[in-house]
$ cat run_5.txt   # compact mmCIF, C-alpha atoms
# COMPACT_ATOMS: atom_id res chain seq x y z
CA MET P 1 46.94 37.27 6.50
CA GLU P 2 48.71 34.10 7.62
CA LEU P 3 46.73 31.07 8.78
CA HIS P 4 47.91 31.49 12.38
CA ASP P 5 46.44 35.01 12.32
CA VAL P 6 43.19 33.64 10.93
CA TRP P 7 43.00 31.10 13.73
CA PHE P 8 43.69 33.74 16.35
CA VAL P 9 40.65 35.59 15.00
CA LEU P 10 38.55 32.41 14.90
CA ILE P 11 39.45 31.55 18.50
CA ALA P 12 38.52 35.10 19.51
CA VAL P 13 35.15 34.61 17.77
CA LEU P 14 34.57 31.31 19.59
CA TRP P 15 35.31 32.84 22.99
CA THR P 16 33.11 35.82 22.13
CA GLY P 17 30.24 33.51 21.18
CA TYR P 18 30.73 31.54 24.38
CA PHE P 19 30.61 34.60 26.62
CA PHE P 20 27.61 36.04 24.75
CA LEU P 21 25.58 32.82 25.08
CA GLU P 22 26.86 31.29 28.30
CA GLY P 23 26.92 34.79 29.79
CA PHE P 24 23.15 35.10 29.99
CA ASP P 25 22.62 31.60 31.33
CA PHE P 26 25.29 32.19 34.00
CA GLY P 27 23.37 35.37 34.77
CA VAL P 28 20.07 33.51 35.01
CA GLY P 29 21.72 31.01 37.36
CA VAL P 30 22.80 33.86 39.64
CA LEU P 31 19.29 35.33 39.49
CA THR P 32 17.77 32.16 40.95
CA LYS P 33 18.85 33.60 44.32
CA LEU P 34 18.61 37.32 43.58
CA LEU P 35 15.29 37.50 41.72
CA ALA P 36 13.13 34.42 42.31
CA ARG P 37 10.87 34.63 45.35
CA ASN P 38 9.56 31.08 45.40
CA ARG P 39 10.04 27.66 43.87
CA ALA P 40 7.73 28.36 40.92
CA GLU P 41 9.71 31.45 39.95
CA LYS P 42 12.98 29.55 40.24
CA ARG P 43 11.50 26.98 37.89
CA VAL P 44 10.56 29.74 35.45
CA LEU P 45 14.13 31.04 35.44
CA ILE P 46 15.59 27.57 34.95
CA ASN P 47 13.11 26.87 32.14
CA THR P 48 14.16 29.99 30.23
CA ILE P 49 17.59 28.46 29.70
CA GLY P 50 16.68 24.78 29.99
CA PRO P 51 16.60 24.08 26.23
CA VAL P 52 19.80 25.99 25.43
CA TRP P 53 22.33 25.96 28.27
CA ASP P 54 24.06 22.76 27.16
CA GLY P 55 24.26 23.97 23.55
CA ASN P 56 25.89 27.19 24.77
CA GLU P 57 28.71 25.16 26.31
CA VAL P 58 29.57 23.73 22.89
CA TRP P 59 31.28 27.07 22.23
CA LEU P 60 33.62 26.46 25.17
CA LEU P 61 34.52 23.00 23.90
CA SER P 62 35.13 24.43 20.43
CA ALA P 63 37.29 27.26 21.78
CA GLY P 64 39.35 24.90 23.92
CA GLY P 65 39.74 22.36 21.14
CA ALA P 66 40.70 25.03 18.60
CA THR P 67 43.30 26.45 20.98
CA PHE P 68 44.76 22.98 21.56
CA ALA P 69 45.02 22.24 17.84
CA ALA P 70 45.98 25.65 16.48
CA PHE P 71 48.21 26.93 19.32
CA PRO P 72 49.48 23.96 21.34
CA GLU P 73 52.12 26.03 23.18
CA TRP P 74 49.44 28.50 24.27
CA TYR P 75 47.15 25.67 25.38
CA ALA P 76 49.92 23.91 27.33
CA THR P 77 51.09 27.04 29.14
CA LEU P 78 47.58 28.28 29.81
CA PHE P 79 46.21 25.03 31.20
CA SER P 80 49.28 24.28 33.28
CA GLY P 81 49.64 27.78 34.70
CA PHE P 82 45.91 28.29 35.29
CA TYR P 83 45.30 24.70 36.33
CA LEU P 84 43.54 25.37 39.65
CA PRO P 85 41.05 28.07 38.51
CA LEU P 86 40.28 26.17 35.32
CA LEU P 87 39.73 22.98 37.35
CA VAL P 88 37.32 24.88 39.60
CA ILE P 89 35.45 26.14 36.51
CA LEU P 90 35.28 22.61 35.09
CA VAL P 91 33.94 21.14 38.35
CA CYS P 92 31.35 23.93 38.56
CA LEU P 93 30.18 23.30 35.00
CA ILE P 94 29.82 19.58 35.73
CA VAL P 95 27.90 20.12 38.97
CA ARG P 96 25.75 22.80 37.32
CA GLY P 97 24.79 20.45 34.50
CA VAL P 98 23.92 17.69 36.96
CA ALA P 99 21.87 20.18 39.00
CA PHE P 100 19.76 21.17 36.00
CA GLU P 101 19.01 17.54 35.23
CA TYR P 102 18.51 16.19 38.77
CA ARG P 103 16.77 19.07 40.56
CA ALA P 104 13.24 17.92 39.66
CA LYS P 105 13.89 14.19 39.91
CA ARG P 106 12.64 14.05 43.51
CA PRO P 107 9.88 16.05 45.24
CA GLU P 108 11.61 16.62 48.60
CA GLU P 109 12.15 20.29 49.37
CA ASN P 110 15.70 19.80 50.70
CA TRP P 111 16.68 17.90 47.55
CA GLN P 112 15.46 20.66 45.24
CA ARG P 113 16.82 23.48 47.42
CA ASN P 114 20.30 21.93 47.49
CA TRP P 115 20.42 21.60 43.70
CA GLU P 116 19.16 25.19 43.33
CA THR P 117 21.98 26.35 45.59
CA ALA P 118 24.41 24.42 43.40
CA ILE P 119 23.04 26.15 40.29
CA PHE P 120 23.57 29.55 41.94
CA TRP P 121 27.16 29.00 43.09
CA CYS P 122 28.18 27.04 40.00
CA SER P 123 26.97 29.94 37.87
CA LEU P 124 28.51 32.69 39.99
CA ILE P 125 31.97 31.16 40.44
CA PRO P 126 32.74 30.49 36.73
CA ALA P 127 31.31 33.89 35.79
CA PHE P 128 33.89 35.48 38.10
CA LEU P 129 36.82 33.17 37.33
CA TRP P 130 36.58 33.60 33.54
CA GLY P 131 37.18 37.31 34.04
CA VAL P 132 40.15 36.60 36.30
CA ALA P 133 41.62 34.19 33.74
CA PHE P 134 41.28 36.54 30.77
CA GLY P 135 42.48 39.47 32.83
CA ASN P 136 45.72 37.58 33.48
CA ILE P 137 46.05 36.55 29.82
CA VAL P 138 45.88 40.19 28.72
CA ARG P 139 47.98 41.57 31.57
CA GLY P 140 50.65 38.91 31.17
CA VAL P 141 52.01 36.24 33.49
CA ARG P 142 55.38 34.87 34.56
CA ILE P 143 56.60 32.90 31.52
CA ASP P 144 60.27 31.90 31.31
CA ARG P 145 62.61 31.42 28.35
CA ASN P 146 61.25 27.86 27.87
CA LEU P 147 57.75 29.30 27.32
CA GLU P 148 56.58 27.75 30.59
CA TYR P 149 54.55 29.37 33.37
CA VAL P 150 56.68 29.78 36.50
CA GLY P 151 54.30 31.78 38.67
CA SER P 152 51.92 30.68 41.41
CA VAL P 153 48.17 30.79 41.93
CA GLY P 154 48.68 33.87 44.09
CA ASP P 155 50.17 35.73 41.12
CA LEU P 156 46.84 35.36 39.32
CA LEU P 157 44.98 37.20 42.09
CA ASN P 158 46.18 40.67 41.16
CA PRO P 159 43.97 43.82 41.20
CA TYR P 160 43.57 43.99 37.41
CA ALA P 161 42.47 40.36 37.11
CA LEU P 162 40.13 40.61 40.11
CA LEU P 163 38.51 43.67 38.52
CA GLY P 164 38.14 41.59 35.34
CA GLY P 165 36.34 38.96 37.39
CA LEU P 166 33.99 41.58 38.81
CA VAL P 167 33.30 42.82 35.27
CA THR P 168 32.35 39.41 33.89
CA LEU P 169 30.24 38.58 36.96
CA THR P 170 28.24 41.82 36.88
CA LEU P 171 28.03 41.96 33.09
CA PHE P 172 26.79 38.39 32.84
CA THR P 173 24.26 39.03 35.62
CA PHE P 174 22.99 42.12 33.79
CA HIS P 175 22.86 40.15 30.53
CA GLY P 176 20.89 37.41 32.34
CA ALA P 177 18.46 39.91 33.90
CA VAL P 178 17.73 41.46 30.50
CA PHE P 179 17.29 37.96 29.02
CA THR P 180 14.87 37.09 31.84
CA ALA P 181 12.82 40.20 31.11
CA LEU P 182 12.78 39.21 27.44
CA LYS P 183 11.68 35.62 28.11
CA THR P 184 9.12 35.98 30.91
CA VAL P 185 5.71 37.50 31.57
CA GLY P 186 4.03 38.98 34.62
CA ASP P 187 5.56 40.25 37.82
CA ILE P 188 8.87 38.43 37.37
CA ARG P 189 9.39 40.28 34.09
CA GLU P 190 8.93 43.69 35.75
CA ARG P 191 11.20 42.81 38.66
CA ALA P 192 13.84 41.55 36.24
CA ARG P 193 13.83 44.92 34.47
CA ARG P 194 14.21 46.79 37.77
CA LEU P 195 17.02 44.51 38.89
CA ALA P 196 18.71 44.88 35.49
CA LEU P 197 18.87 48.64 36.02
CA ARG P 198 20.53 48.32 39.43
CA VAL P 199 23.00 45.67 38.30
CA GLY P 200 23.61 47.57 35.05
CA LEU P 201 24.72 50.72 36.86
CA VAL P 202 27.28 48.75 38.87
CA THR P 203 28.33 46.98 35.69
CA ALA P 204 28.85 50.26 33.85
CA VAL P 205 31.29 51.52 36.50
CA ALA P 206 33.25 48.27 36.53
CA VAL P 207 33.33 47.95 32.72
CA VAL P 208 34.54 51.51 32.16
CA ALA P 209 37.26 51.16 34.80
CA PHE P 210 38.48 47.80 33.47
CA LEU P 211 38.47 48.74 29.79
CA LEU P 212 40.23 52.06 30.42
CA TRP P 213 42.87 50.22 32.46
CA THR P 214 43.26 47.73 29.60
CA GLN P 215 43.60 50.52 27.06
CA ALA P 216 46.23 52.26 29.15
CA HIS P 217 48.15 49.01 29.65
CA SER P 218 48.26 47.53 26.15
CA GLY P 219 45.70 49.28 24.00
CA ASN P 220 45.88 50.58 20.45
CA VAL P 221 43.60 52.44 18.06
CA ARG P 222 41.55 49.33 17.20
CA SER P 223 41.03 48.42 20.85
CA LEU P 224 39.99 52.02 21.57
CA VAL P 225 37.23 51.73 18.97
CA ALA P 226 36.03 48.51 20.61
CA LEU P 227 36.11 50.24 24.02
CA VAL P 228 33.87 53.06 22.75
CA VAL P 229 31.44 50.56 21.20
CA ALA P 230 31.27 48.51 24.42
CA VAL P 231 30.56 51.51 26.65
CA ALA P 232 28.05 53.05 24.23
CA ALA P 233 26.21 49.74 23.82
CA LEU P 234 25.96 49.29 27.60
CA VAL P 235 24.56 52.79 28.10
CA VAL P 236 21.95 52.33 25.36
CA ALA P 237 21.09 48.88 26.74
CA LEU P 238 20.27 50.50 30.09
CA VAL P 239 18.04 53.03 28.35
CA ALA P 240 16.30 50.33 26.28
CA ASN P 241 15.70 48.31 29.43
CA GLN P 242 14.11 51.29 31.15
CA ILE P 243 11.65 51.94 28.33
CA GLY P 244 10.66 48.29 28.08
CA ARG P 245 12.41 47.42 24.82
CA GLU P 246 13.74 44.10 26.08
CA GLY P 247 14.79 42.80 22.67
CA TRP P 248 16.98 45.81 22.02
CA ALA P 249 18.29 45.74 25.58
CA PHE P 250 19.34 42.10 25.20
CA ALA P 251 20.95 42.69 21.79
CA LEU P 252 22.87 45.67 23.14
CA SER P 253 23.99 43.94 26.34
CA GLY P 254 25.25 41.17 24.06
CA LEU P 255 27.02 43.76 21.90
CA THR P 256 28.71 45.05 25.06
CA ILE P 257 30.11 41.58 25.71
CA VAL P 258 31.17 41.16 22.08
CA ALA P 259 32.94 44.53 21.96
CA ALA P 260 34.61 44.04 25.36
CA VAL P 261 35.98 40.60 24.43
CA ALA P 262 37.05 41.97 21.04
CA MET P 263 38.94 44.73 22.81
CA LEU P 264 40.83 42.21 24.94
CA PHE P 265 41.92 40.21 21.90
CA LEU P 266 42.76 43.35 19.90
CA SER P 267 44.96 44.63 22.71
CA LEU P 268 46.55 41.19 23.04
CA PHE P 269 47.48 40.57 19.37
CA PRO P 270 50.07 39.49 18.15
CA ASN P 271 50.73 37.98 21.58
CA VAL P 272 48.56 35.18 22.86
CA MET P 273 50.10 35.21 26.35
CA PRO P 274 52.56 37.99 27.25
CA SER P 275 55.45 37.33 29.62
CA THR P 276 55.94 39.75 32.50
CA LEU P 277 59.54 38.53 32.92
CA ASP P 278 60.81 39.38 29.45
CA ALA P 279 58.83 40.50 26.39
CA ASP P 280 60.97 38.22 24.23
CA TRP P 281 59.63 35.21 26.14
CA SER P 282 56.00 36.00 25.33
CA LEU P 283 53.87 33.48 23.49
CA THR P 284 52.81 34.89 20.12
CA VAL P 285 50.68 33.72 17.21
CA THR P 286 53.95 32.74 15.52
CA ASN P 287 55.91 30.83 18.15
CA ALA P 288 52.85 29.14 19.73
CA SER P 289 51.09 27.93 16.57
CA SER P 290 50.87 24.54 14.91
CA SER P 291 52.36 23.77 11.50
CA PRO P 292 50.81 25.41 8.42
CA TYR P 293 49.57 22.01 7.23
CA THR P 294 47.70 21.41 10.50
CA LEU P 295 46.13 24.86 10.33
CA LYS P 296 45.11 24.24 6.70
CA ILE P 297 43.32 20.98 7.58
CA MET P 298 41.63 22.68 10.54
CA THR P 299 40.42 25.51 8.32
CA TRP P 300 38.70 23.09 5.94
CA CYS P 301 37.06 21.22 8.82
CA ALA P 302 35.87 24.42 10.48
CA GLY P 303 34.51 25.74 7.19
CA ILE P 304 32.32 22.65 6.80
CA ALA P 305 31.21 22.03 10.41
CA THR P 306 30.69 25.57 11.74
CA PRO P 307 27.71 26.56 9.51
CA ILE P 308 25.92 23.32 10.45
CA VAL P 309 26.36 23.99 14.17
CA LEU P 310 25.20 27.60 13.80
CA LEU P 311 22.09 26.60 11.85
CA TYR P 312 21.13 23.94 14.38
CA GLN P 313 21.67 26.20 17.38
CA GLY P 314 19.78 29.05 15.71
CA TRP P 315 16.88 26.67 15.06
CA THR P 316 16.85 25.66 18.72
CA TYR P 317 16.52 29.28 19.84
CA TRP P 318 13.73 29.84 17.32
CA VAL P 319 11.73 26.83 18.51
CA PHE P 320 11.95 27.91 22.17
CA ARG P 321 11.40 31.63 21.55
CA LYS P 322 8.11 32.07 23.48
CA ARG P 323 7.83 33.83 26.83
CA ILE P 324 6.94 31.84 29.94
CA GLY P 325 5.59 32.62 33.40
CA THR P 326 4.52 30.91 36.60
CA GLN P 327 1.18 30.03 34.98
CA HIS P 328 3.08 27.72 32.63
CA ILE P 329 4.63 25.71 35.47
CA ALA P 330 2.78 22.50 36.29
CA GLU P 331 1.36 22.40 39.83
CA ALA P 332 3.49 19.36 40.74
CA ALA P 333 6.62 21.35 39.91
CA HIS P 334 5.74 23.97 42.52
$ encode --input "run_5.txt" --output "structure tokens"
Amino acid sequence: MELHDVWFVLIAVLWTGYFFLEGFDFGVGVLTKLLARNRAEKRVLINTIGPVWDGNEVWLLSAGGATFAAFPEWYATLFSGFYLPLLVILVCLIVRGVAFEYRAKRPEENWQRNWETAIFWCSLIPAFLWGVAFGNIVRGVRIDRNLEYVGSVGDLLNPYALLGGLVTLTLFTFHGAVFTALKTVGDIRERARRLALRVGLVTAVAVVAFLLWTQAHSGNVRSLVALVVAVAALVVALVANQIGREGWAFALSGLTIVAAVAMLFLSLFPNVMPSTLDADWSLTVTNASSSPYTLKIMTWCAGIATPIVLLYQGWTYWVFRKRIGTQHIAEAAH
């Protein structure tokens, strides 16, 4: 296996980790409007992800940085062609981070309600747009002979990509509902399980439709295996949620995300960004990659730094593993 193939796999792993981890905290952000009935419950939801949401975004920075260094042509075409949706995602992530930090800084109800609304929308919008972006990457976009994107923003709003956005939005919301059931106690836990079932059924329909469409468009035997794993994991996650096995339900909803993202990358390889104008103009792991020397240096750096990051993040999750409920929220925070 060549180094550019290795880095394609590593970038796929980084994006998979990002969607697994950021997926549930996007979902929890959406649930602040769908599940929480009062300010105390909203605080419970926010506290379930409070210690980890910023660490989850490290995976996005790593994925973007790795793409820039390992596949500069891919990075340049992607970020120029998808400039507007990616800018919207970036603004949402900034506002969302500020909202988490500033929501409780003042006691006024309007102040807190406005930041809670920002958390909701700045969780929902990126959750949808990431699906749109990756749907277009897999489907292909208008790339010319100079390996430059020549389409418009309207070209990105096609039925396949919009279905991809619906998949990520519903799947992340389901993942967040299962995580909430895993991390809370009392009435909010039971309501989270019931909501997870309703959202999960919608998710199952969207996921099956999108993955079958992907398989028909550019699938292969390996992507078919990933499709089967994703669908099976989602079905078993719904069953586990119904019988109150929240740990298994969360692990399996995460496996659904992992298998679905793996399927997208398996159906994409060896392309990194197909051209809908001419297959010969597609960006591939070969024509979009950096020099072998650059990839070699990156491999050494990743081999040293990645285990340290994983150990630290795993420790963070272990420290904040306990369940919480409204009884753990200080009266002043109500």
$ residues_around --input "run_5.txt" --residues "stretch 207-219 of chain P" --least-positions-apart "5" --cutoff "7 Å" --atoms "only C-alpha atoms" --output "MDAnalysis selection string"
chainID P and resid 163:164 167 224 227 231 267
$ write_last_selection --input "run_5.txt" --atoms "C-alpha atoms" --output "PDB file, keeping the file's coordinate frame"
ATOM      1  CA  LEU P 163      38.510  43.670  38.520  1.00  0.00           C
ATOM      2  CA  GLY P 164      38.140  41.590  35.340  1.00  0.00           C
ATOM      3  CA  VAL P 167      33.300  42.820  35.270  1.00  0.00           C
ATOM      4  CA  LEU P 224      39.990  52.020  21.570  1.00  0.00           C
ATOM      5  CA  LEU P 227      36.110  50.240  24.020  1.00  0.00           C
ATOM      6  CA  VAL P 231      30.560  51.510  26.650  1.00  0.00           C
ATOM      7  CA  SER P 267      44.960  44.630  22.710  1.00  0.00           C
TER       8      SER P 267
END
$ closest_residue --input "run_5.txt" --among "P:Arg194, P:Thr276, P:Arg96, P:Val91" --to "P:Asp155" --atoms "only C-alpha atoms"
P:Thr276
$ closest_residue --input "run_5.txt" --among "P:Trp7, P:Val205, P:Val52, P:Leu157" --to "P:Trp315" --atoms "only C-alpha atoms"
P:Val52
$ residues_near_point --input "run_5.txt" --point "(18.0, 23.2, 34.8)" --cutoff "7 Å" --atoms "all atoms listed in the file" --output "NGL selection string"
:P and (46-47 or 50 or 99-101)
$ axis_aligned_box --input "run_5.txt" --around "stretch 131-150 of chain P" --padding-each-side "6 Å" --output "AutoDock Vina command-line options"
--center_x 49.9 --center_y 34.7 --center_z 31.9 --size_x 37.4 --size_y 25.8 --size_z 21.2
$ residues_around --input "run_5.txt" --residues "P:Ser291" --least-positions-apart "5" --cutoff "9 Å" --atoms "all atoms listed in the file" --output "PyMOL selection string"
chain P and resi 4+70+296
$ residues_around --input "run_5.txt" --residues "P:Phe8" --least-positions-apart "4" --cutoff "9 Å" --atoms "all atoms listed in the file" --output "count of residues only"
12
$ residues_around --input "run_5.txt" --residues "P:Gly244" --least-positions-apart "3" --cutoff "12 Å" --atoms "only C-alpha atoms" --output "mmCIF file with C-alpha atoms, in the frame of the given file"
data_model
loop_
_atom_site.group_PDB
_atom_site.id
_atom_site.type_symbol
_atom_site.label_atom_id
_atom_site.label_comp_id
_atom_site.auth_asym_id
_atom_site.auth_seq_id
_atom_site.Cartn_x
_atom_site.Cartn_y
_atom_site.Cartn_z
ATOM 1 C CA VAL P 178 17.730 41.460 30.500
ATOM 2 C CA ALA P 181 12.820 40.200 31.110
ATOM 3 C CA LEU P 182 12.780 39.210 27.440
ATOM 4 C CA ARG P 189 9.390 40.280 34.090
ATOM 5 C CA GLU P 190 8.930 43.690 35.750
ATOM 6 C CA ARG P 191 11.200 42.810 38.660
ATOM 7 C CA ALA P 192 13.840 41.550 36.240
ATOM 8 C CA ARG P 193 13.830 44.920 34.470
ATOM 9 C CA ARG P 194 14.210 46.790 37.770
ATOM 10 C CA ALA P 196 18.710 44.880 35.490
ATOM 11 C CA LEU P 197 18.870 48.640 36.020
ATOM 12 C CA ALA P 237 21.090 48.880 26.740
ATOM 13 C CA LEU P 238 20.270 50.500 30.090
ATOM 14 C CA VAL P 239 18.040 53.030 28.350
ATOM 15 C CA ALA P 240 16.300 50.330 26.280
ATOM 16 C CA ASN P 241 15.700 48.310 29.430
ATOM 17 C CA GLY P 247 14.790 42.800 22.670
ATOM 18 C CA TRP P 248 16.980 45.810 22.020
ATOM 19 C CA ALA P 249 18.290 45.740 25.580
ATOM 20 C CA PHE P 250 19.340 42.100 25.200
#
$ closest_residue --input "run_5.txt" --among "P:Ile257, P:Ala76, P:Leu311, P:Ala226" --to "P:Tyr18" --atoms "all atoms listed in the file"
P:Ile257
$ closest_residue --input "run_5.txt" --among "P:Trp281, P:Phe26, P:Phe179, P:Trp318" --to "P:Ala251" --atoms "all atoms listed in the file"
P:Phe179
$ residues_near_point --input "run_5.txt" --point "(55.1, 39.7, 25.8)" --cutoff "12 Å" --atoms "only C-alpha atoms" --output "PyMOL selection string"
chain P and resi 137-145+147+218+267-285+287
$ atom_distance --input "run_5.txt" --atom1 "atom CA of P:Gly29" --atom2 "atom CA of P:Gly17"
18.5 Å
$ closest_residue --input "run_5.txt" --among "P:Trp59, P:Tyr312, P:Trp53, P:Trp15" --to "P:Val28" --atoms "all atoms listed in the file"
P:Trp53
$ closest_residue --input "run_5.txt" --among "P:Arg198, P:Ala259, P:Phe19, P:Lys33" --to "P:Thr117" --atoms "only C-alpha atoms"
P:Lys33
$ residues_around --input "run_5.txt" --residues "P:Pro159" --least-positions-apart "6" --cutoff "10 Å" --atoms "only C-alpha atoms" --output "list of chain:residue names"
P:Val132, P:Gly135, P:Gly165
$ write_last_selection --input "run_5.txt" --atoms "C-alpha atoms" --output "PDB file, keeping the file's coordinate frame"
ATOM      1  CA  VAL P 132      40.150  36.600  36.300  1.00  0.00           C
ATOM      2  CA  GLY P 135      42.480  39.470  32.830  1.00  0.00           C
ATOM      3  CA  GLY P 165      36.340  38.960  37.390  1.00  0.00           C
TER       4      GLY P 165
END
$ atom_distance --input "run_5.txt" --atom1 "atom CA of P:Thr299" --atom2 "atom CA of P:Ala66"
10.3 Å
$ atom_distance --input "run_5.txt" --atom1 "atom CA of P:Thr203" --atom2 "atom CA of P:Phe174"
7.5 Å
$ build_atoms --input "run_5.txt" --residues "stretch 72-84 of chain P" --atoms "N, CA and C atoms" --output "PDB file, in the frame of the given file"
ATOM      1  N   PRO P  72      49.207  24.908  20.255  1.00  0.00           N
ATOM      2  CA  PRO P  72      49.480  23.960  21.340  1.00  0.00           C
ATOM      3  C   PRO P  72      50.335  24.534  22.462  1.00  0.00           C
ATOM      4  N   GLU P  73      51.289  25.416  22.134  1.00  0.00           N
ATOM      5  CA  GLU P  73      52.120  26.030  23.180  1.00  0.00           C
ATOM      6  C   GLU P  73      51.278  26.917  24.087  1.00  0.00           C
ATOM      7  N   TRP P  74      50.347  27.642  23.498  1.00  0.00           N
ATOM      8  CA  TRP P  74      49.440  28.500  24.270  1.00  0.00           C
ATOM      9  C   TRP P  74      48.571  27.625  25.180  1.00  0.00           C
ATOM     10  N   TYR P  75      48.017  26.576  24.617  1.00  0.00           N
ATOM     11  CA  TYR P  75      47.150  25.670  25.380  1.00  0.00           C
ATOM     12  C   TYR P  75      47.923  25.056  26.544  1.00  0.00           C
ATOM     13  N   ALA P  76      49.142  24.581  26.287  1.00  0.00           N
ATOM     14  CA  ALA P  76      49.920  23.910  27.330  1.00  0.00           C
ATOM     15  C   ALA P  76      50.275  24.872  28.460  1.00  0.00           C
ATOM     16  N   THR P  77      50.717  26.062  28.120  1.00  0.00           N
ATOM     17  CA  THR P  77      51.090  27.040  29.140  1.00  0.00           C
ATOM     18  C   THR P  77      49.878  27.535  29.904  1.00  0.00           C
ATOM     19  N   LEU P  78      48.801  27.783  29.174  1.00  0.00           N
ATOM     20  CA  LEU P  78      47.580  28.280  29.810  1.00  0.00           C
ATOM     21  C   LEU P  78      47.009  27.268  30.787  1.00  0.00           C
ATOM     22  N   PHE P  79      46.873  26.024  30.360  1.00  0.00           N
ATOM     23  CA  PHE P  79      46.210  25.030  31.200  1.00  0.00           C
ATOM     24  C   PHE P  79      47.110  24.494  32.307  1.00  0.00           C
ATOM     25  N   SER P  80      48.408  24.651  32.166  1.00  0.00           N
ATOM     26  CA  SER P  80      49.280  24.280  33.280  1.00  0.00           C
ATOM     27  C   SER P  80      49.386  25.415  34.284  1.00  0.00           C
ATOM     28  N   GLY P  81      49.525  26.640  33.801  1.00  0.00           N
ATOM     29  CA  GLY P  81      49.640  27.780  34.700  1.00  0.00           C
ATOM     30  C   GLY P  81      48.345  28.118  35.417  1.00  0.00           C
ATOM     31  N   PHE P  82      47.214  27.946  34.723  1.00  0.00           N
ATOM     32  CA  PHE P  82      45.910  28.290  35.290  1.00  0.00           C
ATOM     33  C   PHE P  82      45.166  27.032  35.731  1.00  0.00           C
ATOM     34  N   TYR P  83      45.907  26.008  36.075  1.00  0.00           N
ATOM     35  CA  TYR P  83      45.300  24.700  36.330  1.00  0.00           C
ATOM     36  C   TYR P  83      44.215  24.755  37.398  1.00  0.00           C
ATOM     37  N   LEU P  84      44.498  25.384  38.544  1.00  0.00           N
ATOM     38  CA  LEU P  84      43.540  25.370  39.650  1.00  0.00           C
ATOM     39  C   LEU P  84      42.259  26.124  39.311  1.00  0.00           C
TER      40      LEU P  84
END
